[in-house]
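**Student:** What follows is a structure written as structure tokens; I'll ask about it next.
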Amino acid sequence: MSEQKKAWLLLADGTLLEGYSFGAAGESFGEVVFNTGMTGYQEVLTDPSYYGQIVVQTYPIIGNYGINTDDMESQKSWVQGYVVSEWCKYPSNFRVAMTIDEFLKKEGIVSICGIATRTLTKKLREAGVMNGVVTTEYREDRREELLEKLRQFSIVDAVKAVSCTEVQEMGAAEGDRAYRVVLMDFGYKRNILRSLQSRGCQVTVVPGHTSAEDILALSPDGIMLSNGPGDPAENTAIIAEIAKLLHSGVPVFGICLGHQLTALATGAKTIKLKYGHRGANQPVKDLDHDRTYITSQNHGYAVDGDTVDESVGYVSHVNANDGTVEGIRYRKYNCFTVQFHPEASAGPKDTAYLFDEFIDMMKKGGK
Amino acid sequence: MPKREDIKKVLVIGSGPIVIGQAAEFDYAGTQACRALKEEGLEVVLINSNPATIMTDKAMADKIYIEPLVPEVVKKIILLEKPDSVLPTLGGQTGLNLAMELAEEGFLEQNSVKLLGANPETIKKAEDRQAFKDTMESIGEPCIPSKVVNTTPDALEFAEVIGYPVIVRPAFTLGGSGGGIAQDPEQLHEICDNGLRLSPITQVLIEKCISGWKEIEYEVVRDGKGNVITVCNMENIDPVGVHTGDSVVVAPSQTLTDREYQMLRSSALNIISTLKIEGGCNVQYALHPDSFEYAVIEVNPRVSRSSALASKATGYPIAKVAAKIAIGYSLDEIPNAVTGKTCACFEPALDYCVVKFPKWPFDKFVYAEKTLGTQMKATGEVMAIAQNFELAMMKAVHSIELGLDTLTLPQLEDLPDEEIVKLLANTDDERLFVVYEAIKRGISFDEIFDITKIDKWFLAKFGKLAKMENALKEGELTVEKYRAAKKLGFLDATMRRLSGQECPEKLLADYKMADTCAAEFTAETPYFYSSFDGDNEAAEHIAAHDSGKKKIVVFGSGPIRIGQGIEFDYCCVHCAWALKEKGYEAIIANNNPETVSTDFDTGDRLYFDPLNAEYVESLLATEKPYGVVVQFGGQTAIKLTKHLQKMGANILGSSPDAIDEAEDRERFDALLERCGIPRPQGHTVYTTEEAIRAAGELGYPVLLRPSYVLGGQNMIIAYSDADVTEYMQIITAHELENPVLIDKYLTGIECEVDAICDGEDFLIPGIMQHIERAGIHSGDSISVYPSQDLSEQVKETIVDYTARLARQLHIVGLMNIQYVVHEGKVYIIEVNPRSSRTVPYISKVTGVPMVDLATRCMLGERLADMGFGTGLYPEKDFVAVKVPVFSFEKLKDLDTQLGPEMKSTGEVLGVAETFEDALFKGLAAAGYKFKRPGGILFTVRDQDKHEIIPIAERFDAMGFDLYATGGTALRLNKNMVATTSVRKIGEPSPNVLDLLESGKIDYVFSTSSKGRTPERDGVRIRRKAVEHQIPCLTAIDTIDMLSRCLISGKKIEDISVVDITKI
């Protein structure tokens, strides 16, 4: 115990939590959010949507099955910091490649353990998400300096930071190529790609800022708008391109940030949620079919349902817990979008059928 | 989908008596279901033969039938009550099988009764081995290579194809009865023969043995719309091969990646959707530890022990939700009672770890085979919640009441390393402790894993505990070390013991809420567990919800075990209800996940924690209650008395001194002398020599028992010096803190009273008489209310003695006294200044709400003001017969001969206008089939020989073929009762064992002067009878009663049913 190096988490409201360092040493600022998933920490760590955020795991024993080489949702970890109650020194699983500590060190993620994560979660729930800093270099005389930096901190240009810069031809993983899909990368999770590939789609990943013209020039059968980090409203240029894509008539399927950007492109507004939805147990009601599904989610913003123009589209899915918008079907466009993650990873696969719907759309809506 | 309008009156079928594999979890499920249905304004009719349950309480249903759970009776009730629906999925396998039978023969349809929550096709698909396999194959869910067979030769042939070892699983049996793992053809022959016999459809499954794979379970719920959720998954620490009921289980799974977790979750949802179950379902998986290969082991299309555990582990009330779904609601329409904000269509997120630990009966049944396999042997379990695995594990060990404060089992400490390594291969009740011992000695995880296949994650966690335990023995106990150890679950007392130092500070526990959502939403549920991080949510909750009411803590009874069963939970729950009713805040502390008491809305607050001094101290520090109640929680709660007194707690009811006076032999003797009450002569001894001397003085037979007992633990009747020596050796093998009591054994009529006392006055709801003469534990005796053979004078004496004791001891609350009437004189056998196992049934049949009144006495009210009078309550004009139920078929090698040591796991009740009818019902409910004529085998000890003559004559007159072993046959034939003499065990075939296998025998009556050890002839005969499901009686009085029922020639349908709410 005593040889463990100390670390601190300082929140923008002045709360200081002391724990022990693991992962990388150093100092890192971010927006502190909590995730309630009981499994799937590797997917969380590598999900680009967490760009700019310090993630708190509510499940208290993290790292049990180590880190493996398969379950990466992108090539690296994007979180700004990582907060757990206890991390596991002796992981056990047949795919273990390294411990979570080794991984976080490799990725340079400043992490802290020994934190009363439930108490912290309650604070974030009551006060809302707030900025914070994880540091191994805290001193009382640095407090004001750090608090000032926390006041300054905000997540900007998030999509740009996580999106690829080159067009990538991914091909179809399984079966015959049936459809050509362009996946706009706002920070896509690999399982979106895999979900398309396993359904026979030949996927071209394009950078998030690619113009509609360039995308349409690829003659896609469908366009997939990925998840991604940050405040959706800051992506004005992308939103304008999406509006053009919608008018093209090519089937469009949007997930998470893709869903929010589409809503913004059609005149709706987004709002920031108090503490967002991050976990693998969020119930979503499909209003068209009167069915409720358990979904994986990771978002801090949501589409304001009151701003959805009824003539353009309608709210097709709502969150069964708090009634927030979880999906929109567009009347005017060949498009549907969802706030949650049908590709799961981490989380339940119950809504994977939406990818099949997208395939059906392409079948019908093909040129 | 709102409530169905075509459902107005529902018949709920309970699960019957507590047996191994079907215990209190169904009282919890049934009680939740009844409440959920009544909440919806539905009329509820309930049938359950188990009188100790809360679900058979008047408040739970509109009509309650404590009747045998047999098709004839259920039909009768359906015809009488005309329910429009029946809910069979909450009564365990018993309820489900009954409903299936009625559905299949078309009875339900003929009477326009709908089957809710399941349909026969679904049930068949899940429970019939072949249908299940076919269904799984059709949806691409892998099963273990297996084949359904109806004969042993077929089994042997298939085993050759798939290779040994193979598992034998009989169809339609409780808790996997009759199953087992066969390593070779010889073993397969034996297990398969037995399994086929136990299966009601003579069918077993022969399956490839996948021992060593991870065993994972999912609890799944589906509604009529097709919405599906998983409530929880669980990982068995013991890999596949040990019944999940006998496994140490952790929730949620710890060693599964999200990919594995979701793969199995999707599979479980796929299965429940395919089976179209509307309600709860349990799916068990085997997962290959080194690949994604998995296999579905089993599906239970109903609520189960695992669903009760999952409910308590997560706060998600599965049974309640299942009941709402059964009457038409969909998951999204049912609110989440925990948060009050969200709906039931979600999946709980835990921010803690749960460990379930089984309670086995081997501390009482020292000769029973302890090997664990596919047949469940645990009688109960405890659950522990904590923010890390180590603390949860330690709490579980503290809760299980084995006298352990760490995972160190003292008797293993002296064994050499080679012996420990050898023991690792034994899959028995001590394996986890052996693993721990091995880790402590530095035996490598790899070596331990190779032998046990227990995942190294768990081994590493045990390793952390072992390291701390070793570290505490060395060096200074610093504050840092103390705190670290505290968070791993080491008690202050343990640290003092290990370090030989005082603790540097005193860290009390704080509390966290189990809220289903990992703090994502604010929750209102007052469901707490202890932690050590300084954030006390219970204290906050108390402050925020200050009602101004006085707070009283009710201590529960811990795990269900032989001698301390569901009855005590009944008492605790009623006490909590009475306290709430009287304007107090009732706080429940308990650790048994199966029970109603640990339902979060039974009391005002629930603390799910170990019931030991240190945890209780923290609880008191947080709650600062006005008073505490120990007398309803059995010995578990009573044991806390001394500690509570030291902590200055206000113990309501009888004083600790009264408890001590009743339990301390010398003080008790003095008390009896003061009261002028005779008792069988006796002495207190510490050594074998003293015991033999005392026995000689008293004259054989003598009764031996340790002081401070419950359930007749380690109690025997000794007939010789040899018996005394054997007994003293066993008892002194354990630590002998308290002396052994040795009493003259008096034969006679045993009777029992429970009395409610307010310190001066007393009320006896009724005098119960035991059918079996003294010498058989009261819990194992057939008991009749009102007494049938006591003279007015004897009754008066009993009332008088009870009054004297109540006043002398200043009893406030409940008291149980056992008497023996020997040659017309009343002697006292024992006094228990607390609730007893007869309280629920006597409350129900007399209509005297005993716990309610006792609680009010404890709050200071006078009995005279309660409207039930004082003294002996007027006798009712009907008869109730309580019959014990045993789980002998689950406990190999256990002698079934009844004696002073309790062996039953549960009980049933027969209620009728006459004693004969009530007895008939009771025996029918206990499973007797009343076959006549047929064959009966007598093999009795000398002292019983003259008494069986008239009984044998009776069987002879009914046309039975009489068989008896040598001496018994000779005696019967001499007395002109024609009996076929049978060769003894060890004599050439055909001998008595062959006879038992022949199918000619329908009843066995067997007694022997010596018993217990499995190799004795008498024990072997009785075990053989159990294995062949031949009713085996071991007391003259029991067979006497059975023969009377047989002579009457009645059938169960001839006797009218009684709605006990009308009593």
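Chain labels follow the order of the structure tokens: the first chain is A, the next B, and so on; residue numbering restarts at 1 in every chain, and ligands are counted from 1 in their shown order.
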Just the residues within 12 Å of Thr165 of chain A, please, counting only C-alpha atoms, with nothing from its chain fewer than 6 positions along; format it as a list in words.
**Tutor:**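 After dropping sequence-adjacent residues, the list is Val159, Met184, Asp185, Phe186, Gly187, Val205, Val206, Pro207, Gly208, His209 and Thr210 of chain A.
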**Student:** Neighbouring residues of segment 783-792 of chain B were defined as those with any atom within 6 Å, considering only C-alpha atoms; residues of the same chain fewer than 6 positions away were excluded. Please report them as an NGL selection string.
**Tutor:** :B and (767-771 or 879-882)
**Student:** Would you list which chain B residues are within 9 Å of chain A using only C-alpha atoms, as a PDB file with N, CA and C atoms, in the first residue's frame?
**Tutor:**
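What landed in iface_5.pdb:
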ATOM      1  N   LYS B 225     -45.698  -8.384 -24.705  1.00  0.00           N
ATOM      2  CA  LYS B 225     -45.380  -7.640 -25.926  1.00  0.00           C
ATOM      3  C   LYS B 225     -44.115  -8.171 -26.592  1.00  0.00           C
ATOM      4  N   GLY B 226     -43.355  -8.937 -25.835  1.00  0.00           N
ATOM      5  CA  GLY B 226     -42.090  -9.430 -26.360  1.00  0.00           C
ATOM      6  C   GLY B 226     -40.896  -8.642 -25.858  1.00  0.00           C
ATOM      7  N   ASN B 227     -41.122  -7.672 -24.984  1.00  0.00           N
ATOM      8  CA  ASN B 227     -39.986  -6.962 -24.395  1.00  0.00           C
ATOM      9  C   ASN B 227     -39.204  -7.923 -23.510  1.00  0.00           C
ATOM     10  N   VAL B 228     -37.896  -7.862 -23.618  1.00  0.00           N
ATOM     11  CA  VAL B 228     -37.073  -8.769 -22.823  1.00  0.00           C
ATOM     12  C   VAL B 228     -35.941  -8.012 -22.146  1.00  0.00           C
ATOM     13  N   ILE B 229     -35.651  -8.399 -20.921  1.00  0.00           N
ATOM     14  CA  ILE B 229     -34.517  -7.818 -20.209  1.00  0.00           C
ATOM     15  C   ILE B 229     -33.802  -8.918 -19.422  1.00  0.00           C
ATOM     16  N   PRO B 252     -22.276  -9.230 -10.193  1.00  0.00           N
ATOM     17  CA  PRO B 252     -22.376  -9.782 -11.538  1.00  0.00           C
ATOM     18  C   PRO B 252     -21.145 -10.655 -11.838  1.00  0.00           C
ATOM     19  N   SER B 253     -21.106 -11.233 -13.051  1.00  0.00           N
ATOM     20  CA  SER B 253     -19.953 -12.047 -13.421  1.00  0.00           C
ATOM     21  C   SER B 253     -18.697 -11.190 -13.334  1.00  0.00           C
ATOM     22  N   GLN B 254     -17.577 -11.798 -12.988  1.00  0.00           N
ATOM     23  CA  GLN B 254     -16.338 -11.035 -12.800  1.00  0.00           C
ATOM     24  C   GLN B 254     -15.314 -11.282 -13.897  1.00  0.00           C
ATOM     25  N   THR B 255     -15.326 -12.460 -14.496  1.00  0.00           N
ATOM     26  CA  THR B 255     -14.224 -12.799 -15.401  1.00  0.00           C
ATOM     27  C   THR B 255     -14.645 -12.782 -16.867  1.00  0.00           C
ATOM     28  N   LEU B 256     -15.852 -12.271 -17.151  1.00  0.00           N
ATOM     29  CA  LEU B 256     -16.321 -12.242 -18.535  1.00  0.00           C
ATOM     30  C   LEU B 256     -16.070 -10.873 -19.152  1.00  0.00           C
ATOM     31  N   THR B 257     -15.515 -10.872 -20.352  1.00  0.00           N
ATOM     32  CA  THR B 257     -15.419  -9.621 -21.091  1.00  0.00           C
ATOM     33  C   THR B 257     -16.825  -9.242 -21.548  1.00  0.00           C
ATOM     34  N   ASP B 258     -16.970  -8.004 -22.006  1.00  0.00           N
ATOM     35  CA  ASP B 258     -18.275  -7.588 -22.490  1.00  0.00           C
ATOM     36  C   ASP B 258     -18.731  -8.496 -23.626  1.00  0.00           C
ATOM     37  N   ARG B 259     -17.796  -8.927 -24.433  1.00  0.00           N
ATOM     38  CA  ARG B 259     -18.164  -9.775 -25.562  1.00  0.00           C
ATOM     39  C   ARG B 259     -18.791 -11.086 -25.084  1.00  0.00           C
ATOM     40  N   TYR B 261     -20.071 -11.591 -22.039  1.00  0.00           N
ATOM     41  CA  TYR B 261     -21.276 -11.216 -21.294  1.00  0.00           C
ATOM     42  C   TYR B 261     -22.450 -11.039 -22.262  1.00  0.00           C
ATOM     43  N   GLN B 262     -22.217 -10.287 -23.323  1.00  0.00           N
ATOM     44  CA  GLN B 262     -23.304  -9.994 -24.270  1.00  0.00           C
ATOM     45  C   GLN B 262     -23.668 -11.220 -25.109  1.00  0.00           C
ATOM     46  N   MET B 263     -22.692 -12.048 -25.400  1.00  0.00           N
ATOM     47  CA  MET B 263     -22.969 -13.254 -26.176  1.00  0.00           C
ATOM     48  C   MET B 263     -23.977 -14.127 -25.422  1.00  0.00           C
ATOM     49  N   ARG B 265     -25.861 -13.134 -22.870  1.00  0.00           N
ATOM     50  CA  ARG B 265     -27.091 -12.376 -22.635  1.00  0.00           C
ATOM     51  C   ARG B 265     -28.003 -12.489 -23.852  1.00  0.00           C
ATOM     52  N   SER B 266     -27.428 -12.292 -25.034  1.00  0.00           N
ATOM     53  CA  SER B 266     -28.236 -12.397 -26.262  1.00  0.00           C
ATOM     54  C   SER B 266     -28.834 -13.783 -26.386  1.00  0.00           C
ATOM     55  N   LEU B 269     -31.801 -14.112 -24.041  1.00  0.00           N
ATOM     56  CA  LEU B 269     -32.976 -13.410 -24.563  1.00  0.00           C
ATOM     57  C   LEU B 269     -33.588 -14.186 -25.734  1.00  0.00           C
ATOM     58  N   PRO B 289     -13.539 -21.974 -20.680  1.00  0.00           N
ATOM     59  CA  PRO B 289     -12.688 -20.905 -20.145  1.00  0.00           C
ATOM     60  C   PRO B 289     -11.690 -20.348 -21.156  1.00  0.00           C
ATOM     61  N   ASP B 290     -11.436 -21.083 -22.238  1.00  0.00           N
ATOM     62  CA  ASP B 290     -10.408 -20.636 -23.182  1.00  0.00           C
ATOM     63  C   ASP B 290     -10.922 -20.367 -24.587  1.00  0.00           C
ATOM     64  N   SER B 291     -12.217 -20.176 -24.702  1.00  0.00           N
ATOM     65  CA  SER B 291     -12.745 -19.853 -26.030  1.00  0.00           C
ATOM     66  C   SER B 291     -14.133 -19.260 -25.856  1.00  0.00           C
ATOM     67  N   LEU B 331     -43.632  -4.661 -19.414  1.00  0.00           N
ATOM     68  CA  LEU B 331     -42.532  -4.169 -18.577  1.00  0.00           C
ATOM     69  C   LEU B 331     -42.477  -2.641 -18.507  1.00  0.00           C
ATOM     70  N   ASP B 332     -42.768  -1.998 -19.626  1.00  0.00           N
ATOM     71  CA  ASP B 332     -42.676  -0.536 -19.629  1.00  0.00           C
ATOM     72  C   ASP B 332     -43.823   0.119 -18.864  1.00  0.00           C
ATOM     73  N   LYS B 341     -38.941   6.343 -10.073  1.00  0.00           N
ATOM     74  CA  LYS B 341     -38.938   7.260 -11.214  1.00  0.00           C
ATOM     75  C   LYS B 341     -38.913   6.506 -12.524  1.00  0.00           C
ATOM     76  N   THR B 342     -38.143   5.431 -12.557  1.00  0.00           N
ATOM     77  CA  THR B 342     -37.926   4.732 -13.813  1.00  0.00           C
ATOM     78  C   THR B 342     -38.890   3.545 -13.914  1.00  0.00           C
ATOM     79  N   CYS B 343     -38.882   2.845 -15.053  1.00  0.00           N
ATOM     80  CA  CYS B 343     -39.812   1.730 -15.210  1.00  0.00           C
ATOM     81  C   CYS B 343     -39.090   0.395 -15.075  1.00  0.00           C
ATOM     82  N   CYS B 345     -38.769  -1.837 -17.148  1.00  0.00           N
ATOM     83  CA  CYS B 345     -38.120  -2.303 -18.364  1.00  0.00           C
ATOM     84  C   CYS B 345     -36.728  -1.701 -18.461  1.00  0.00           C
ATOM     85  N   PHE B 346     -35.861  -2.159 -17.610  1.00  0.00           N
ATOM     86  CA  PHE B 346     -34.480  -1.712 -17.650  1.00  0.00           C
ATOM     87  C   PHE B 346     -33.640  -2.807 -17.019  1.00  0.00           C
ATOM     88  N   GLU B 347     -32.343  -2.666 -17.101  1.00  0.00           N
ATOM     89  CA  GLU B 347     -31.483  -3.675 -16.498  1.00  0.00           C
ATOM     90  C   GLU B 347     -30.707  -3.053 -15.354  1.00  0.00           C
ATOM     91  N   PRO B 348     -30.800  -3.651 -14.167  1.00  0.00           N
ATOM     92  CA  PRO B 348     -30.085  -3.070 -13.038  1.00  0.00           C
ATOM     93  C   PRO B 348     -28.588  -2.962 -13.316  1.00  0.00           C
ATOM     94  N   ALA B 349     -28.012  -1.850 -12.880  1.00  0.00           N
ATOM     95  CA  ALA B 349     -26.555  -1.691 -12.928  1.00  0.00           C
ATOM     96  C   ALA B 349     -26.093  -1.736 -11.482  1.00  0.00           C
ATOM     97  N   LEU B 350     -25.200  -2.657 -11.173  1.00  0.00           N
ATOM     98  CA  LEU B 350     -24.699  -2.763  -9.802  1.00  0.00           C
ATOM     99  C   LEU B 350     -23.420  -1.953  -9.676  1.00  0.00           C
ATOM    100  N   ASP B 351     -23.263  -1.332  -8.525  1.00  0.00           N
ATOM    101  CA  ASP B 351     -21.961  -0.723  -8.253  1.00  0.00           C
ATOM    102  C   ASP B 351     -21.386  -1.361  -6.998  1.00  0.00           C
ATOM    103  N   TYR B 352     -21.631  -2.650  -6.914  1.00  0.00           N
ATOM    104  CA  TYR B 352     -21.104  -3.441  -5.814  1.00  0.00           C
ATOM    105  C   TYR B 352     -21.016  -4.881  -6.298  1.00  0.00           C
ATOM    106  N   CYS B 353     -20.500  -5.723  -5.420  1.00  0.00           N
ATOM    107  CA  CYS B 353     -20.306  -7.116  -5.760  1.00  0.00           C
ATOM    108  C   CYS B 353     -21.066  -7.959  -4.740  1.00  0.00           C
ATOM    109  N   GLN B 387     -18.463  -3.401  -1.747  1.00  0.00           N
ATOM    110  CA  GLN B 387     -17.913  -2.701  -2.901  1.00  0.00           C
ATOM    111  C   GLN B 387     -16.678  -3.373  -3.466  1.00  0.00           C
ATOM    112  N   ASN B 388     -16.213  -4.408  -2.794  1.00  0.00           N
ATOM    113  CA  ASN B 388     -15.184  -5.224  -3.421  1.00  0.00           C
ATOM    114  C   ASN B 388     -15.452  -6.687  -3.111  1.00  0.00           C
ATOM    115  N   PHE B 389     -14.849  -7.548  -3.887  1.00  0.00           N
ATOM    116  CA  PHE B 389     -15.117  -8.975  -3.753  1.00  0.00           C
ATOM    117  C   PHE B 389     -14.641  -9.521  -2.412  1.00  0.00           C
ATOM    118  N   ASP B 455     -11.436 -20.274 -11.390  1.00  0.00           N
ATOM    119  CA  ASP B 455     -10.780 -19.228 -12.161  1.00  0.00           C
ATOM    120  C   ASP B 455      -9.729 -18.500 -11.326  1.00  0.00           C
ATOM    121  N   LYS B 456      -8.604 -18.211 -11.978  1.00  0.00           N
ATOM    122  CA  LYS B 456      -7.496 -17.598 -11.248  1.00  0.00           C
ATOM    123  C   LYS B 456      -7.841 -16.206 -10.728  1.00  0.00           C
ATOM    124  N   TRP B 457      -8.841 -15.578 -11.309  1.00  0.00           N
ATOM    125  CA  TRP B 457      -9.259 -14.274 -10.775  1.00  0.00           C
ATOM    126  C   TRP B 457      -9.678 -14.438  -9.320  1.00  0.00           C
ATOM    127  N   PHE B 458     -10.465 -15.482  -9.079  1.00  0.00           N
ATOM    128  CA  PHE B 458     -10.916 -15.727  -7.708  1.00  0.00           C
ATOM    129  C   PHE B 458      -9.740 -16.137  -6.827  1.00  0.00           C
ATOM    130  N   ALA B 460      -6.719 -15.228  -7.133  1.00  0.00           N
ATOM    131  CA  ALA B 460      -5.939 -14.031  -6.820  1.00  0.00           C
ATOM    132  C   ALA B 460      -6.596 -13.222  -5.706  1.00  0.00           C
ATOM    133  N   LYS B 461      -7.927 -13.195  -5.729  1.00  0.00           N
ATOM    134  CA  LYS B 461      -8.645 -12.460  -4.679  1.00  0.00           C
ATOM    135  C   LYS B 461      -8.470 -13.155  -3.335  1.00  0.00           C
ATOM    136  N   GLU B 480      -2.712   2.296   9.010  1.00  0.00           N
ATOM    137  CA  GLU B 480      -2.836   2.020   7.580  1.00  0.00           C
ATOM    138  C   GLU B 480      -3.215   0.553   7.320  1.00  0.00           C
ATOM    139  N   LYS B 481      -2.499  -0.324   8.048  1.00  0.00           N
ATOM    140  CA  LYS B 481      -2.755  -1.754   7.888  1.00  0.00           C
ATOM    141  C   LYS B 481      -4.165  -2.089   8.373  1.00  0.00           C
ATOM    142  N   ALA B 484      -6.720  -0.932   5.818  1.00  0.00           N
ATOM    143  CA  ALA B 484      -6.682  -1.779   4.626  1.00  0.00           C
ATOM    144  C   ALA B 484      -7.353  -3.116   4.919  1.00  0.00           C
ATOM    145  N   LYS B 512     -24.144   1.899   2.237  1.00  0.00           N
ATOM    146  CA  LYS B 512     -24.494   2.317   0.884  1.00  0.00           C
ATOM    147  C   LYS B 512     -25.850   1.722   0.538  1.00  0.00           C
ATOM    148  N   CYS B 517     -29.383   1.100  -9.842  1.00  0.00           N
ATOM    149  CA  CYS B 517     -28.970   1.954 -10.955  1.00  0.00           C
ATOM    150  C   CYS B 517     -27.582   2.560 -10.781  1.00  0.00           C
ATOM    151  N   ALA B 518     -26.799   2.045  -9.843  1.00  0.00           N
ATOM    152  CA  ALA B 518     -25.433   2.547  -9.637  1.00  0.00           C
ATOM    153  C   ALA B 518     -25.409   4.055  -9.431  1.00  0.00           C
ATOM    154  N   ALA B 519     -26.383   4.561  -8.692  1.00  0.00           N
ATOM    155  CA  ALA B 519     -26.451   5.984  -8.322  1.00  0.00           C
ATOM    156  C   ALA B 519     -26.803   6.908  -9.476  1.00  0.00           C
ATOM    157  N   GLU B 520     -27.201   6.324 -10.626  1.00  0.00           N
ATOM    158  CA  GLU B 520     -27.544   7.197 -11.760  1.00  0.00           C
ATOM    159  C   GLU B 520     -28.785   8.038 -11.450  1.00  0.00           C
ATOM    160  N   PHE B 521     -29.696   7.462 -10.674  1.00  0.00           N
ATOM    161  CA  PHE B 521     -30.888   8.203 -10.273  1.00  0.00           C
ATOM    162  C   PHE B 521     -30.969   8.210  -8.750  1.00  0.00           C
ATOM    163  N   THR B 522     -31.688   9.187  -8.210  1.00  0.00           N
ATOM    164  CA  THR B 522     -31.913   9.144  -6.770  1.00  0.00           C
ATOM    165  C   THR B 522     -32.893   8.005  -6.511  1.00  0.00           C
ATOM    166  N   ASP B 533     -15.971   3.539   3.424  1.00  0.00           N
ATOM    167  CA  ASP B 533     -15.312   4.676   2.781  1.00  0.00           C
ATOM    168  C   ASP B 533     -15.760   6.031   3.331  1.00  0.00           C
ATOM    169  N   GLY B 534     -16.518   6.005   4.412  1.00  0.00           N
ATOM    170  CA  GLY B 534     -16.840   7.259   5.070  1.00  0.00           C
ATOM    171  C   GLY B 534     -18.107   7.950   4.595  1.00  0.00           C
ATOM    172  N   ASP B 535     -18.736   7.414   3.558  1.00  0.00           N
ATOM    173  CA  ASP B 535     -19.952   8.043   3.047  1.00  0.00           C
ATOM    174  C   ASP B 535     -21.144   7.226   3.546  1.00  0.00           C
TER     175      ASP B 535
END
**Student:** Residues at most 8 Å from Ser316 of chain A, counting only C-alpha atoms, excluding those fewer than 5 positions away in the same chain, as a short mmCIF file (atom, residue, chain, number, x, y, z; two decimals) with N, CA and C atoms, in the first residue's frame?
**Tutor:**
data_model
loop_
_atom_site.label_atom_id
_atom_site.label_comp_id
_atom_site.auth_asym_id
_atom_site.auth_seq_id
_atom_site.Cartn_x
_atom_site.Cartn_y
_atom_site.Cartn_z
N ASP A 286 -39.52 2.12 -28.60
CA ASP A 286 -39.78 2.31 -30.03
C ASP A 286 -41.27 2.61 -30.16
N LEU A 287 -41.61 3.87 -30.40
CA LEU A 287 -43.01 4.29 -30.37
C LEU A 287 -43.80 3.70 -31.52
N ASP A 288 -43.15 3.46 -32.63
CA ASP A 288 -43.85 2.89 -33.79
C ASP A 288 -44.34 1.48 -33.52
N GLU A 326 -34.68 9.58 -28.49
CA GLU A 326 -33.71 8.53 -28.75
C GLU A 326 -33.66 8.12 -30.22
N GLY A 327 -34.62 8.64 -31.00
CA GLY A 327 -34.58 8.27 -32.41
C GLY A 327 -35.55 9.15 -33.20
N ILE A 328 -35.19 9.41 -34.45
CA ILE A 328 -36.05 10.22 -35.31
C ILE A 328 -36.18 9.51 -36.65
N ARG A 329 -37.39 9.47 -37.16
CA ARG A 329 -37.60 8.98 -38.53
C ARG A 329 -38.03 10.18 -39.37
#
**Student:** Give the strand (DSSP E) residues of segment 104-180 of chain A, as DSSP finds them on the backbone, and put them as a PyMOL selection string.
**Tutor:** chain A and resi 110-113+130-135+168-171+179-180
**Student:** Mind writing the picked residues with C-alpha atoms as an mmCIF file, in the first residue's frame?
**Tutor:**
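Result went into part_29.cif, see below:
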data_model
loop_
_atom_site.group_PDB
_atom_site.id
_atom_site.type_symbol
_atom_site.label_atom_id
_atom_site.label_comp_id
_atom_site.auth_asym_id
_atom_site.auth_seq_id
_atom_site.Cartn_x
_atom_site.Cartn_y
_atom_site.Cartn_z
ATOM 1 C CA VAL A 110 -3.605 9.692 -16.280
ATOM 2 C CA SER A 111 -5.688 7.487 -14.002
ATOM 3 C CA ILE A 112 -6.654 7.376 -10.386
ATOM 4 C CA CYS A 113 -7.904 4.542 -8.178
ATOM 5 C CA MET A 130 -18.315 19.302 -14.572
ATOM 6 C CA ASN A 131 -14.715 19.806 -15.470
ATOM 7 C CA GLY A 132 -12.024 18.124 -13.490
ATOM 8 C CA VAL A 133 -8.363 17.348 -13.439
ATOM 9 C CA VAL A 134 -6.592 14.121 -12.576
ATOM 10 C CA THR A 135 -3.098 14.790 -11.404
ATOM 11 C CA GLN A 168 -10.103 4.490 -46.243
ATOM 12 C CA GLU A 169 -11.480 1.642 -48.291
ATOM 13 C CA MET A 170 -12.510 -1.081 -45.865
ATOM 14 C CA GLY A 171 -14.162 -3.621 -48.126
ATOM 15 C CA TYR A 179 -24.009 -2.403 -50.936
ATOM 16 C CA ARG A 180 -21.544 0.356 -50.973
#
